[in-house]
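Visitor: Data: run23.txt, compact mmCIF, C-alpha atoms.
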# COMPACT_ATOMS: atom_id res chain seq x y z
CA MET B 1 78.30 128.48 129.18
CA ILE B 2 81.63 130.15 129.77
CA ILE B 3 84.86 128.15 129.52
CA TYR B 4 87.61 129.76 131.56
CA ASN B 5 91.03 129.06 133.06
CA GLY B 6 92.37 127.33 129.97
CA LYS B 7 95.17 127.86 127.44
CA MET B 8 93.45 128.07 124.06
CA VAL B 9 94.91 126.35 120.97
CA THR B 10 93.03 127.99 118.12
CA TRP B 11 94.18 126.11 114.99
CA GLY B 12 92.37 127.85 112.10
CA LEU B 13 94.09 130.02 109.48
CA LYS B 14 96.59 131.40 111.97
CA ASN B 15 97.19 129.00 114.82
CA GLU B 16 97.67 130.76 118.14
CA ILE B 17 98.00 129.71 121.75
CA LEU B 18 96.05 132.15 123.90
CA THR B 19 96.97 132.62 127.53
CA ASP B 20 94.85 131.35 130.40
CA SER B 21 93.40 134.82 130.87
CA GLN B 22 91.13 134.31 127.84
CA GLY B 23 87.70 132.69 128.01
CA LEU B 24 85.04 131.39 125.63
CA LEU B 25 81.33 132.16 125.61
CA ILE B 26 79.40 129.22 124.16
CA ARG B 27 75.85 129.71 122.85
CA ASP B 28 73.65 127.50 120.61
CA GLY B 29 76.49 125.10 119.92
CA LEU B 30 78.84 127.85 118.72
CA ILE B 31 81.72 129.89 120.09
CA LYS B 32 80.00 133.26 120.38
CA LYS B 33 82.76 135.30 121.98
CA ILE B 34 86.45 135.11 122.83
CA ALA B 35 87.43 137.66 125.45
CA PRO B 36 89.30 138.06 128.72
CA GLN B 37 87.67 135.66 131.14
CA LYS B 38 87.20 138.34 133.80
CA GLU B 39 85.21 140.34 131.29
CA LEU B 40 83.04 137.37 130.32
CA LEU B 41 82.38 136.32 133.91
CA HIS B 42 81.43 139.89 134.81
CA GLU B 43 79.23 140.44 131.74
CA TYR B 44 77.44 137.07 131.97
CA PRO B 45 77.18 136.33 135.71
CA ASP B 46 74.30 133.86 135.31
CA GLU B 47 75.99 131.76 132.64
CA ASP B 48 77.03 128.18 133.44
CA GLN B 49 80.79 127.95 133.93
CA LEU B 50 83.23 125.21 132.97
CA ASP B 51 86.67 125.36 134.55
CA ALA B 52 89.46 124.13 132.25
CA GLU B 53 91.75 123.94 135.30
CA GLY B 54 94.75 125.36 133.46
CA GLN B 55 94.67 122.71 130.73
CA TYR B 56 94.94 123.22 126.99
CA VAL B 57 91.56 123.88 125.37
CA MET B 58 91.61 122.96 121.69
CA PRO B 59 89.30 121.86 118.90
CA GLY B 60 88.25 118.22 118.95
CA ASN B 61 89.76 115.80 116.46
CA ILE B 62 88.02 114.66 113.28
CA CYS B 63 87.95 111.15 111.78
CA ALA B 64 87.13 111.32 108.07
CA HIS B 65 86.63 107.58 107.48
CA THR B 66 85.72 104.90 110.00
CA HIS B 67 83.70 101.69 110.47
CA PHE B 68 81.70 101.42 113.68
CA TYR B 69 80.51 97.96 112.60
CA GLY B 70 84.03 96.55 112.90
CA ALA B 71 84.32 97.05 116.66
CA PHE B 72 83.58 93.43 117.51
CA ALA B 73 86.59 92.24 115.50
CA ARG B 74 88.83 93.13 118.44
CA GLY B 75 90.56 89.93 119.63
CA MET B 76 88.58 87.75 117.22
CA GLY B 77 90.15 84.53 115.99
CA ILE B 78 89.52 83.77 112.31
CA PRO B 79 88.89 80.05 111.60
CA GLY B 80 91.41 78.32 109.35
CA ASN B 81 94.71 79.63 108.07
CA PRO B 82 95.44 83.33 108.53
CA PRO B 83 94.56 85.54 105.53
CA ALA B 84 97.47 85.72 103.11
CA ASN B 85 96.49 88.89 101.25
CA PHE B 86 94.06 91.79 101.28
CA VAL B 87 91.26 90.00 99.44
CA GLN B 88 91.46 87.12 101.91
CA ILE B 89 91.27 89.61 104.80
CA LEU B 90 88.02 90.90 103.31
CA GLU B 91 86.64 87.43 102.65
CA LYS B 92 87.69 85.75 105.89
CA LEU B 93 87.12 88.59 108.35
CA TRP B 94 85.07 91.59 107.28
CA TRP B 95 82.60 89.93 104.92
CA ASN B 96 81.77 87.37 107.58
CA LEU B 97 81.65 89.80 110.49
CA ASP B 98 79.24 92.16 108.75
CA LYS B 99 76.90 89.21 108.02
CA ALA B 100 76.97 88.25 111.71
CA LEU B 101 75.56 91.60 112.87
CA ASP B 102 71.96 91.96 113.96
CA ASP B 103 70.24 95.09 115.25
CA GLU B 104 71.75 94.78 118.73
CA GLY B 105 75.17 94.10 117.29
CA ILE B 106 74.89 97.25 115.17
CA ARG B 107 73.78 99.32 118.17
CA TYR B 108 76.50 98.22 120.55
CA SER B 109 79.36 98.13 118.07
CA THR B 110 78.42 101.77 117.45
CA LEU B 111 78.13 102.67 121.13
CA VAL B 112 81.53 101.27 122.09
CA CYS B 113 83.11 103.31 119.29
CA LEU B 114 81.32 106.44 120.47
CA VAL B 115 82.57 105.92 124.02
CA ASP B 116 86.06 105.50 122.61
CA ALA B 117 85.74 108.69 120.56
CA ILE B 118 84.48 110.79 123.47
CA GLN B 119 87.13 109.49 125.84
CA HIS B 120 89.91 110.21 123.37
CA GLY B 121 88.89 113.58 121.99
CA THR B 122 87.35 112.81 118.61
CA THR B 123 84.24 114.94 118.15
CA THR B 124 83.35 114.24 114.49
CA LEU B 125 83.29 110.90 112.66
CA ILE B 126 82.36 109.94 109.10
CA ASP B 127 81.14 106.34 109.26
CA HIS B 128 80.78 103.66 106.58
CA HIS B 129 78.43 100.86 107.67
CA ALA B 130 77.72 97.28 106.48
CA SER B 131 75.32 94.64 107.83
CA PRO B 132 73.99 92.52 104.91
CA ASN B 133 71.58 90.54 107.11
CA ALA B 134 70.21 93.64 108.85
CA ILE B 135 70.11 96.39 106.23
CA GLU B 136 66.76 98.10 106.60
CA GLY B 137 66.76 100.66 109.39
CA SER B 138 70.42 100.02 110.25
CA LEU B 139 71.36 103.68 109.78
CA ASP B 140 68.57 104.74 112.15
CA ILE B 141 70.04 102.47 114.83
CA ILE B 142 73.44 104.11 114.38
CA ALA B 143 71.91 107.59 114.22
CA ASP B 144 70.01 107.08 117.46
CA ALA B 145 73.24 106.04 119.21
CA VAL B 146 75.09 109.05 117.78
CA ASN B 147 72.32 111.41 118.91
CA MET B 148 72.36 109.90 122.38
CA ALA B 149 76.14 110.33 122.60
CA GLY B 150 75.96 113.92 121.35
CA ILE B 151 78.81 113.59 118.89
CA ARG B 152 78.88 114.91 115.29
CA ALA B 153 78.74 112.33 112.45
CA SER B 154 77.91 111.58 108.85
CA LEU B 155 76.54 108.10 108.10
CA CYS B 156 76.02 105.85 105.09
CA TYR B 157 75.32 102.21 104.19
CA GLU B 158 77.90 100.24 102.18
CA VAL B 159 76.22 99.07 98.96
CA THR B 160 77.80 95.99 97.38
CA ASP B 161 76.90 93.29 94.85
CA ARG B 162 78.82 90.59 96.68
CA ASP B 163 75.63 89.31 98.33
CA GLY B 164 73.46 89.60 95.20
CA PHE B 165 71.42 92.32 93.53
CA GLU B 166 68.50 92.02 95.97
CA LYS B 167 70.64 93.04 98.93
CA ALA B 168 72.44 95.63 96.83
CA ASP B 169 69.07 97.23 96.08
CA LYS B 170 68.15 97.17 99.76
CA GLY B 171 71.40 98.98 100.50
CA LEU B 172 70.61 101.57 97.85
CA GLN B 173 67.19 102.14 99.41
CA GLU B 174 68.65 102.38 102.93
CA ASN B 175 70.99 105.15 101.81
CA LEU B 176 68.20 107.05 100.07
CA ARG B 177 65.81 106.64 103.00
CA PHE B 178 68.37 107.95 105.49
CA ILE B 179 69.40 110.84 103.23
CA GLN B 180 65.73 111.86 103.06
CA ARG B 181 65.53 111.71 106.87
CA ILE B 182 68.53 114.02 107.17
CA GLN B 183 67.20 116.41 104.54
CA LYS B 184 64.17 117.07 106.77
CA ARG B 185 66.59 118.87 109.14
CA ASP B 186 64.88 117.67 112.29
CA PRO B 187 66.46 119.57 115.22
CA ALA B 188 67.06 116.20 116.91
CA ASP B 189 69.39 115.35 113.99
CA GLN B 190 71.32 118.62 113.97
CA ASN B 191 74.65 116.84 114.47
CA LEU B 192 73.96 114.28 111.73
CA ARG B 193 74.56 114.27 107.99
CA ALA B 194 74.49 111.57 105.31
CA HIS B 195 76.58 110.23 102.45
CA PHE B 196 75.58 107.60 99.89
CA GLY B 197 77.69 104.56 100.75
CA LEU B 198 79.35 102.19 98.28
CA HIS B 199 81.84 99.44 99.09
CA ALA B 200 84.48 99.45 96.35
CA SER B 201 84.77 99.10 92.61
CA LEU B 202 85.77 95.44 92.92
CA THR B 203 82.39 94.43 94.42
CA LEU B 204 80.17 96.75 92.37
CA SER B 205 78.73 96.22 88.90
CA ASP B 206 78.04 98.99 86.42
CA ARG B 207 74.36 98.23 86.97
CA THR B 208 74.50 99.03 90.71
CA LEU B 209 76.81 102.02 90.34
CA GLU B 210 74.46 103.48 87.72
CA LYS B 211 71.50 102.97 90.04
CA ALA B 212 73.37 104.68 92.85
CA ARG B 213 74.21 107.65 90.62
CA GLN B 214 70.56 108.01 89.61
CA MET B 215 69.23 107.68 93.16
CA ASN B 216 71.69 109.91 94.99
CA PRO B 217 70.28 113.45 95.35
CA GLU B 218 72.21 116.46 94.08
CA GLY B 219 74.65 117.80 96.65
CA ILE B 220 75.15 114.49 98.49
CA GLY B 221 78.51 112.82 98.13
CA PHE B 222 79.30 109.14 97.81
CA HIS B 223 81.57 107.40 100.33
CA ILE B 224 83.56 104.54 98.77
CA HIS B 225 86.86 102.65 99.12
CA ALA B 226 89.16 103.15 96.13
CA ALA B 227 92.40 101.40 95.18
CA GLU B 228 93.00 100.22 98.74
CA GLY B 229 94.45 96.96 97.44
CA ILE B 230 95.92 96.24 94.01
CA ALA B 231 93.05 93.78 93.46
CA ASP B 232 90.68 96.76 93.14
CA GLU B 233 92.67 98.11 90.20
CA MET B 234 93.01 94.70 88.53
CA ASP B 235 89.28 94.05 88.84
CA SER B 236 88.42 97.45 87.40
CA LEU B 237 90.69 96.92 84.40
CA GLU B 238 89.13 93.52 83.79
CA LYS B 239 85.57 94.87 84.07
CA SER B 240 85.93 98.09 82.17
CA GLY B 241 89.38 98.47 80.67
CA MET B 242 89.83 101.45 83.01
CA ARG B 243 91.56 101.93 86.32
CA VAL B 244 89.40 102.57 89.39
CA ILE B 245 89.26 106.37 89.38
CA HIS B 246 88.46 106.53 85.67
CA ARG B 247 85.76 103.86 86.02
CA LEU B 248 84.13 105.66 88.95
CA ASP B 249 84.35 108.95 87.07
CA ALA B 250 82.75 107.46 83.95
CA LEU B 251 79.84 106.28 86.10
CA GLY B 252 79.31 109.65 87.78
CA ILE B 253 80.63 108.86 91.26
CA LEU B 254 83.34 111.54 91.52
CA ARG B 255 81.36 114.50 92.85
CA PRO B 256 83.11 117.26 94.81
CA GLN B 257 81.24 116.01 97.90
CA THR B 258 82.42 112.40 97.40
CA ILE B 259 84.86 110.79 99.84
CA LEU B 260 87.17 108.03 98.59
CA ALA B 261 89.15 106.07 101.16
CA HIS B 262 92.79 104.97 100.81
CA GLY B 263 93.96 105.51 97.19
CA VAL B 264 97.07 103.43 97.84
CA HIS B 265 97.49 102.24 94.25
CA LEU B 266 96.47 105.29 92.24
CA ASP B 267 98.69 106.09 89.27
CA ASP B 268 99.62 109.56 87.99
CA LYS B 269 96.63 109.89 85.67
CA GLU B 270 94.21 108.84 88.39
CA ILE B 271 95.72 111.37 90.79
CA GLN B 272 95.33 114.07 88.15
CA ARG B 273 91.70 113.11 87.48
CA LEU B 274 90.90 113.06 91.19
CA ALA B 275 92.36 116.54 91.59
CA GLU B 276 90.35 117.79 88.61
CA LYS B 277 87.10 116.42 90.02
CA GLY B 278 87.67 117.83 93.52
CA SER B 279 86.57 114.67 95.34
CA TRP B 280 88.09 113.95 98.74
CA LEU B 281 90.56 111.14 99.48
CA THR B 282 91.27 109.98 103.03
CA HIS B 283 94.47 108.45 104.38
CA GLN B 284 94.40 105.62 106.96
CA PRO B 285 98.04 104.62 107.64
CA ARG B 286 97.43 102.21 110.54
CA SER B 287 94.97 100.18 108.46
CA ASN B 288 97.21 100.21 105.40
CA MET B 289 100.09 98.85 107.47
CA ASN B 290 97.88 96.24 109.12
CA ASN B 291 96.54 95.01 105.77
CA ALA B 292 99.96 95.25 104.11
CA VAL B 293 98.44 96.95 101.07
CA GLY B 294 101.17 99.54 100.58
CA VAL B 295 101.71 103.24 101.22
CA ALA B 296 99.54 105.86 99.54
CA PRO B 297 101.50 108.60 97.70
CA VAL B 298 100.01 111.22 99.98
CA GLU B 299 102.57 113.98 99.50
CA LYS B 300 102.44 113.62 95.73
CA MET B 301 98.65 113.80 95.81
CA LEU B 302 98.74 116.95 97.93
CA THR B 303 101.20 118.53 95.50
CA GLU B 304 98.93 117.64 92.59
CA GLY B 305 95.96 119.29 94.31
CA VAL B 306 94.04 116.29 95.62
CA ARG B 307 91.92 117.17 98.63
CA MET B 308 93.30 114.86 101.34
CA GLY B 309 91.79 114.06 104.73
CA MET B 310 92.62 111.55 107.47
CA GLY B 311 90.53 108.74 108.92
CA ASN B 312 91.17 105.56 110.90
CA ASP B 313 89.31 102.83 108.94
CA GLY B 314 87.81 101.47 112.16
CA PHE B 315 90.95 101.53 114.29
CA SER B 316 90.61 103.15 117.72
CA ASN B 317 89.34 106.72 117.69
CA THR B 318 92.65 108.01 119.02
CA MET B 319 93.38 110.23 116.06
CA TRP B 320 96.73 111.42 117.39
CA GLN B 321 97.87 107.80 116.98
CA GLU B 322 96.87 108.03 113.32
CA TRP B 323 98.91 111.25 113.01
CA LYS B 324 101.94 109.53 114.49
CA ALA B 325 101.59 106.54 112.18
CA ALA B 326 101.44 108.81 109.14
CA TYR B 327 104.43 110.83 110.32
CA LEU B 328 106.58 107.70 110.74
CA LEU B 329 105.31 105.47 107.94
CA HIS B 330 106.19 107.77 105.05
CA LYS B 331 109.69 108.39 106.37
CA LEU B 332 110.37 104.66 106.60
CA ALA B 333 108.73 103.75 103.30
CA ASN B 334 110.72 106.42 101.44
CA ASN B 335 113.94 106.01 103.43
CA ASP B 336 113.86 109.76 103.89
CA PRO B 337 113.49 111.58 107.24
CA GLN B 338 112.31 114.72 105.44
CA ARG B 339 109.10 113.10 104.24
CA MET B 340 105.68 113.77 105.83
CA GLY B 341 106.66 116.60 108.15
CA GLY B 342 104.60 117.64 111.12
CA MET B 343 103.06 120.56 109.25
CA THR B 344 101.95 118.22 106.46
CA VAL B 345 100.33 115.89 108.97
CA THR B 346 98.38 118.73 110.56
CA GLU B 347 97.44 120.11 107.14
CA ILE B 348 95.69 116.81 106.43
CA ALA B 349 94.34 115.96 109.86
CA VAL B 350 93.30 119.45 111.01
CA LYS B 351 92.97 121.94 108.15
CA ASN B 352 91.70 119.58 105.45
CA ASN B 353 89.51 117.50 107.74
CA ALA B 354 87.98 120.75 108.98
CA LYS B 355 87.25 121.87 105.43
CA LEU B 356 85.66 118.51 104.62
CA VAL B 357 83.40 118.56 107.67
CA GLY B 358 82.58 122.21 107.09
CA GLU B 359 81.34 121.35 103.60
CA ILE B 360 79.24 118.49 104.95
CA PHE B 361 77.72 120.70 107.66
CA ASP B 362 76.61 123.54 105.40
CA GLY B 363 79.69 125.74 105.77
CA LEU B 364 79.99 125.45 109.55
CA PRO B 365 83.54 126.38 110.68
CA VAL B 366 84.93 123.45 112.68
CA ALA B 367 88.27 122.43 114.19
CA GLU B 368 89.14 125.99 115.14
CA ILE B 369 88.59 128.29 118.09
CA SER B 370 87.13 131.42 116.54
CA GLU B 371 83.96 133.38 116.98
CA GLY B 372 81.19 131.67 115.04
CA ALA B 373 82.93 128.28 114.92
CA ALA B 374 81.42 125.06 116.22
CA ALA B 375 81.98 124.54 119.93
CA ASP B 376 83.59 121.12 119.39
CA LEU B 377 86.32 121.22 122.00
CA ILE B 378 88.56 119.10 124.19
CA PHE B 379 90.63 119.75 127.32
CA VAL B 380 94.12 118.25 127.29
CA ASP B 381 96.11 117.75 130.50
CA TYR B 382 99.56 118.17 128.93
CA HIS B 383 102.50 119.54 130.87
CA PRO B 384 105.37 120.31 128.47
CA PHE B 385 108.94 120.41 129.76
CA THR B 386 110.16 122.28 126.67
CA PRO B 387 108.64 125.47 125.21
CA LEU B 388 105.34 124.90 123.41
CA THR B 389 104.44 127.44 120.74
CA ALA B 390 101.99 127.68 117.86
CA GLY B 391 104.90 126.91 115.55
CA ASN B 392 106.11 123.71 117.23
CA LEU B 393 102.73 122.39 118.41
CA PRO B 394 102.58 119.62 115.75
CA TRP B 395 105.76 118.04 117.14
CA HIS B 396 104.52 118.28 120.72
CA ILE B 397 101.42 116.37 119.60
CA LEU B 398 103.46 113.81 117.66
CA PHE B 399 106.01 113.18 120.40
CA GLY B 400 104.27 114.27 123.60
CA PHE B 401 100.48 114.16 123.48
CA GLN B 402 98.71 110.96 124.50
CA GLU B 403 95.01 110.23 124.14
CA SER B 404 94.85 109.53 127.89
CA MET B 405 95.51 113.24 128.45
CA VAL B 406 92.03 114.19 127.18
CA THR B 407 89.93 115.04 130.25
CA ALA B 408 86.92 116.77 128.68
CA THR B 409 85.08 116.52 125.36
CA ILE B 410 82.45 118.96 124.11
CA ALA B 411 80.47 118.67 120.85
CA ALA B 412 78.13 121.37 119.54
CA GLY B 413 78.50 123.15 122.88
CA LYS B 414 77.37 120.14 124.91
CA PRO B 415 79.78 118.57 127.42
CA LEU B 416 80.04 114.85 126.70
CA MET B 417 82.84 114.20 129.20
CA TYR B 418 84.28 116.31 132.00
CA LYS B 419 87.12 115.36 134.35
CA ARG B 420 87.20 112.04 132.46
CA GLU B 421 83.61 111.25 133.51
CA LEU B 422 81.27 110.40 130.63
CA LEU B 423 78.13 112.53 130.79
CA THR B 424 75.92 111.24 127.95
CA LEU B 425 76.82 107.54 127.83
CA ASP B 426 77.30 104.93 130.55
CA GLY B 427 80.61 103.41 129.50
CA ALA B 428 80.56 100.54 132.00
CA GLU B 429 77.02 99.52 131.13
CA ILE B 430 77.75 99.69 127.40
CA ALA B 431 80.89 97.57 127.78
CA GLU B 432 79.02 94.97 129.83
CA LYS B 433 76.18 94.74 127.31
CA ALA B 434 78.61 94.73 124.37
CA MET B 435 80.42 91.76 125.92
CA GLU B 436 77.17 89.81 126.00
CA ILE B 437 76.23 90.73 122.43
CA SER B 438 79.71 90.28 120.94
CA LYS B 439 79.81 86.68 122.17
CA LYS B 440 76.64 85.97 120.19
CA THR B 441 78.08 87.82 117.20
CA TRP B 442 81.24 85.70 117.38
CA GLN B 443 79.14 82.53 117.44
CA ARG B 444 77.31 83.60 114.30
CA PHE B 445 80.63 84.61 112.73
CA GLU B 446 82.03 81.15 113.40
CA GLN B 447 79.01 79.51 111.81
CA ILE B 448 79.18 81.76 108.75
CA ALA B 449 82.96 81.39 108.36
CA THR B 450 82.87 77.60 108.55
CA GLY B 451 79.81 77.21 106.35
Let me see whether you can do it: turn the structure in this file into structure tokens.
Guide:
Amino acid sequence: MIIYNGKMVTWGLKNEILTDSQGLLIRDGLIKKIAPQKELLHEYPDEDQLDAEGQYVMPGNICAHTHFYGAFARGMGIPGNPPANFVQILEKLWWNLDKALDDEGIRYSTLVCLVDAIQHGTTTLIDHHASPNAIEGSLDIIADAVNMAGIRASLCYEVTDRDGFEKADKGLQENLRFIQRIQKRDPADQNLRAHFGLHASLTLSDRTLEKARQMNPEGIGFHIHAAEGIADEMDSLEKSGMRVIHRLDALGILRPQTILAHGVHLDDKEIQRLAEKGSWLTHQPRSNMNNAVGVAPVEKMLTEGVRMGMGNDGFSNTMWQEWKAAYLLHKLANNDPQRMGGMTVTEIAVKNNAKLVGEIFDGLPVAEISEGAAADLIFVDYHPFTPLTAGNLPWHILFGFQESMVTATIAAGKPLMYKRELLTLDGAEIAEKAMEISKKTWQRFEQIATG
């Protein structure tokens, strides 16, 4: 198709804002040509046309760490006293909710997150799944929903010893089985990739981590939480005499393709080791604030050479909200308005996330408008009342853009939403069905939580 009548925000190595006289030719999921729209429309008269109606056309957002399975926690009341610390949040909420999920709960908690992503301009998500009472085939359920939605994603199952070795081994097998599915490169799975999922050092024995290392094929990264709460570091020291990063490194987890989430409590030596190994670390400021676990030393890690991305840890797929939280949190935490500038935020959320996803998808250029890049695009109905340039765009996003301004979402060249109308998913039907299923999930949660 040809996209015309839009102002193009290119991102990429040299961010530019192209005038509304430029158009895009989309073929086979890629941006094939950028040229004056009159030229494109004349040269390709039979091509489908998509009118951007004068809006900004820009690359879709990327979420480098999320949890579809947590969707049904919205509004949930936890029995008993509120959790008093991070470990209690895990024990009272997440480790009961994941046990309450069945196949239908997995499917619809995924679908509501995909609707949210499409509506709010997030075209790629890296998910981390857990459902201890419905492990086998769980990643296929998620994958089928992702394929139906048309979005781009990498999936994994969260292996943990907290429910015993038998379930840990089932989780290991689920990861391996799904990785083997993805390695077949079925055209139906072209927008899917896989990681090997692990929960966190504090719920994993050396035995299970060693099994995971042996089972995970070469070239596939792990996806694991690391030093999110101080309890993770304390547990690692007790188990091994090493802090989390050093323990994971000793057991072969820190591959260049590996994604670690959070890193709030890493010390200087761990930061140095992480930089040396080239593994990725993702920042989730809204979650860190909500769980009161602290503030990750993001700027220090960037300076030391750690490869940093940005996720949402299961919060809404409104990634601009995550940008804004990062921008504000580090200023407040450091009592310094110069911290976490807009360019630093976009370095993490755009440039680095794009590099991460590009590595996962075999070198595919993403999050940029350039010839040969993935046609993962959004239309944004933003009307600035001050000059908007390539140089000040980050601050327009931080102080002006709202997720409600996204009117169209395209992934791999396929329109998923246009003029705010979902094209691949029925949002109303999904919400209605999710309401029915979430009630049953909550009932099971209550039973599990109260014994």
Visitor: With 3 Å added on each side, what axis-aligned box encloses every listed atom of segment 413-429 of chain B? Give the centre and edge lengths in Å to one decimal, as lines of an AutoDock Vina configuration file.
Guide:
center_x = 81.6
center_y = 111.3
center_z = 128.6
size_x = 17.3
size_y = 29.6
size_z = 17.5
Visitor: Between B:Leu202, B:Phe72, B:Thr66, B:Gly105, which one has atoms that come closest to Leu155 of chain B, using all atoms listed in the file?
Guide: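 Of all the options, B:Thr66 lies closest to Leu155 of chain B.
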Visitor: Can you tell me how far atom CA of Arg247 of chain B sits from atom CA of Gly70 of chain B, in Å to one decimal?
Guide: 27.9 Å
Visitor: Mind listing whatever residues come within 10 Å of the point (83.6, 91.6, 93.1)? Use all atoms listed in the file, file coordinates, and give them as a list of chain:residue names.
Guide: B:Thr160, B:Asp161, B:Arg162, B:Asp163, B:Ala200, B:Ser201, B:Leu202, B:Thr203, B:Leu204, B:Ser205, B:Ala231, B:Asp232, B:Asp235, B:Ser236, B:Lys239
Visitor: Which one of B:Glu228, B:Asp249, B:Glu218, B:Glu322 sits closest to His265 of chain B if you count all atoms listed in the file?
Guide: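 Ranking B:Glu228, B:Asp249, B:Glu218, B:Glu322 by distance to His265 of chain B, first place goes to B:Glu228.
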Visitor: Enter the distance from atom CA of Glu403 of chain B to atom CA of Met58 of chain B, in Å, rounded to one decimal.
Guide: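 That distance, rounded to one decimal, is 13.4 Å.
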Visitor: Report the distance between atom CA of Asn353 of chain B and atom CA of Met310 of chain B in Å, rounded to one decimal place.
Guide: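 Value for the atom CA of Asn353 of chain B-atom CA of Met310 of chain B distance: 6.7 Å.
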Visitor: May I ask which of the residues B:Ile448, B:Ile348, B:Ile142, B:Leu388 is the closest one to Asn96 of chain B, counting only C-alpha atoms?
Guide: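 Looking at the shortest contact to Asn96 of chain B, the residue is B:Ile448.
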Visitor: Starting from the sparse input, extend segment 213-226 of chain B to N, CA and C atoms and give the output as a compact mmCIF listing (two decimals), in the frame of the given file.
Guide:
# COMPACT_ATOMS: atom_id res chain seq x y z
N ARG B 213 74.08 106.30 91.18
CA ARG B 213 74.21 107.65 90.62
C ARG B 213 72.84 108.28 90.41
N GLN B 214 71.90 107.48 89.89
CA GLN B 214 70.56 108.01 89.61
C GLN B 214 69.79 108.33 90.89
N MET B 215 70.00 107.52 91.93
CA MET B 215 69.23 107.68 93.16
C MET B 215 69.78 108.77 94.08
N ASN B 216 71.07 109.00 94.03
CA ASN B 216 71.69 109.91 94.99
C ASN B 216 71.31 111.36 94.67
N PRO B 217 70.70 112.07 95.63
CA PRO B 217 70.28 113.45 95.35
C PRO B 217 71.47 114.37 95.07
N GLU B 218 71.20 115.44 94.35
CA GLU B 218 72.21 116.46 94.08
C GLU B 218 72.73 117.03 95.38
N GLY B 219 74.05 117.21 95.47
CA GLY B 219 74.65 117.80 96.65
C GLY B 219 75.08 116.81 97.71
N ILE B 220 74.74 115.53 97.54
CA ILE B 220 75.15 114.49 98.49
C ILE B 220 76.30 113.71 97.89
N GLY B 221 77.36 113.54 98.63
CA GLY B 221 78.51 112.82 98.13
C GLY B 221 78.41 111.33 98.36
N PHE B 222 79.13 110.57 97.56
CA PHE B 222 79.30 109.14 97.81
C PHE B 222 80.44 108.94 98.80
N HIS B 223 80.48 107.77 99.43
CA HIS B 223 81.57 107.40 100.33
C HIS B 223 81.96 105.98 99.94
N ILE B 224 83.17 105.81 99.39
CA ILE B 224 83.56 104.54 98.77
C ILE B 224 85.06 104.30 98.98
N HIS B 225 85.44 103.02 99.12
CA HIS B 225 86.86 102.65 99.12
C HIS B 225 87.36 102.66 97.68
N ALA B 226 88.60 103.09 97.48
CA ALA B 226 89.16 103.15 96.13
C ALA B 226 90.64 102.81 96.13
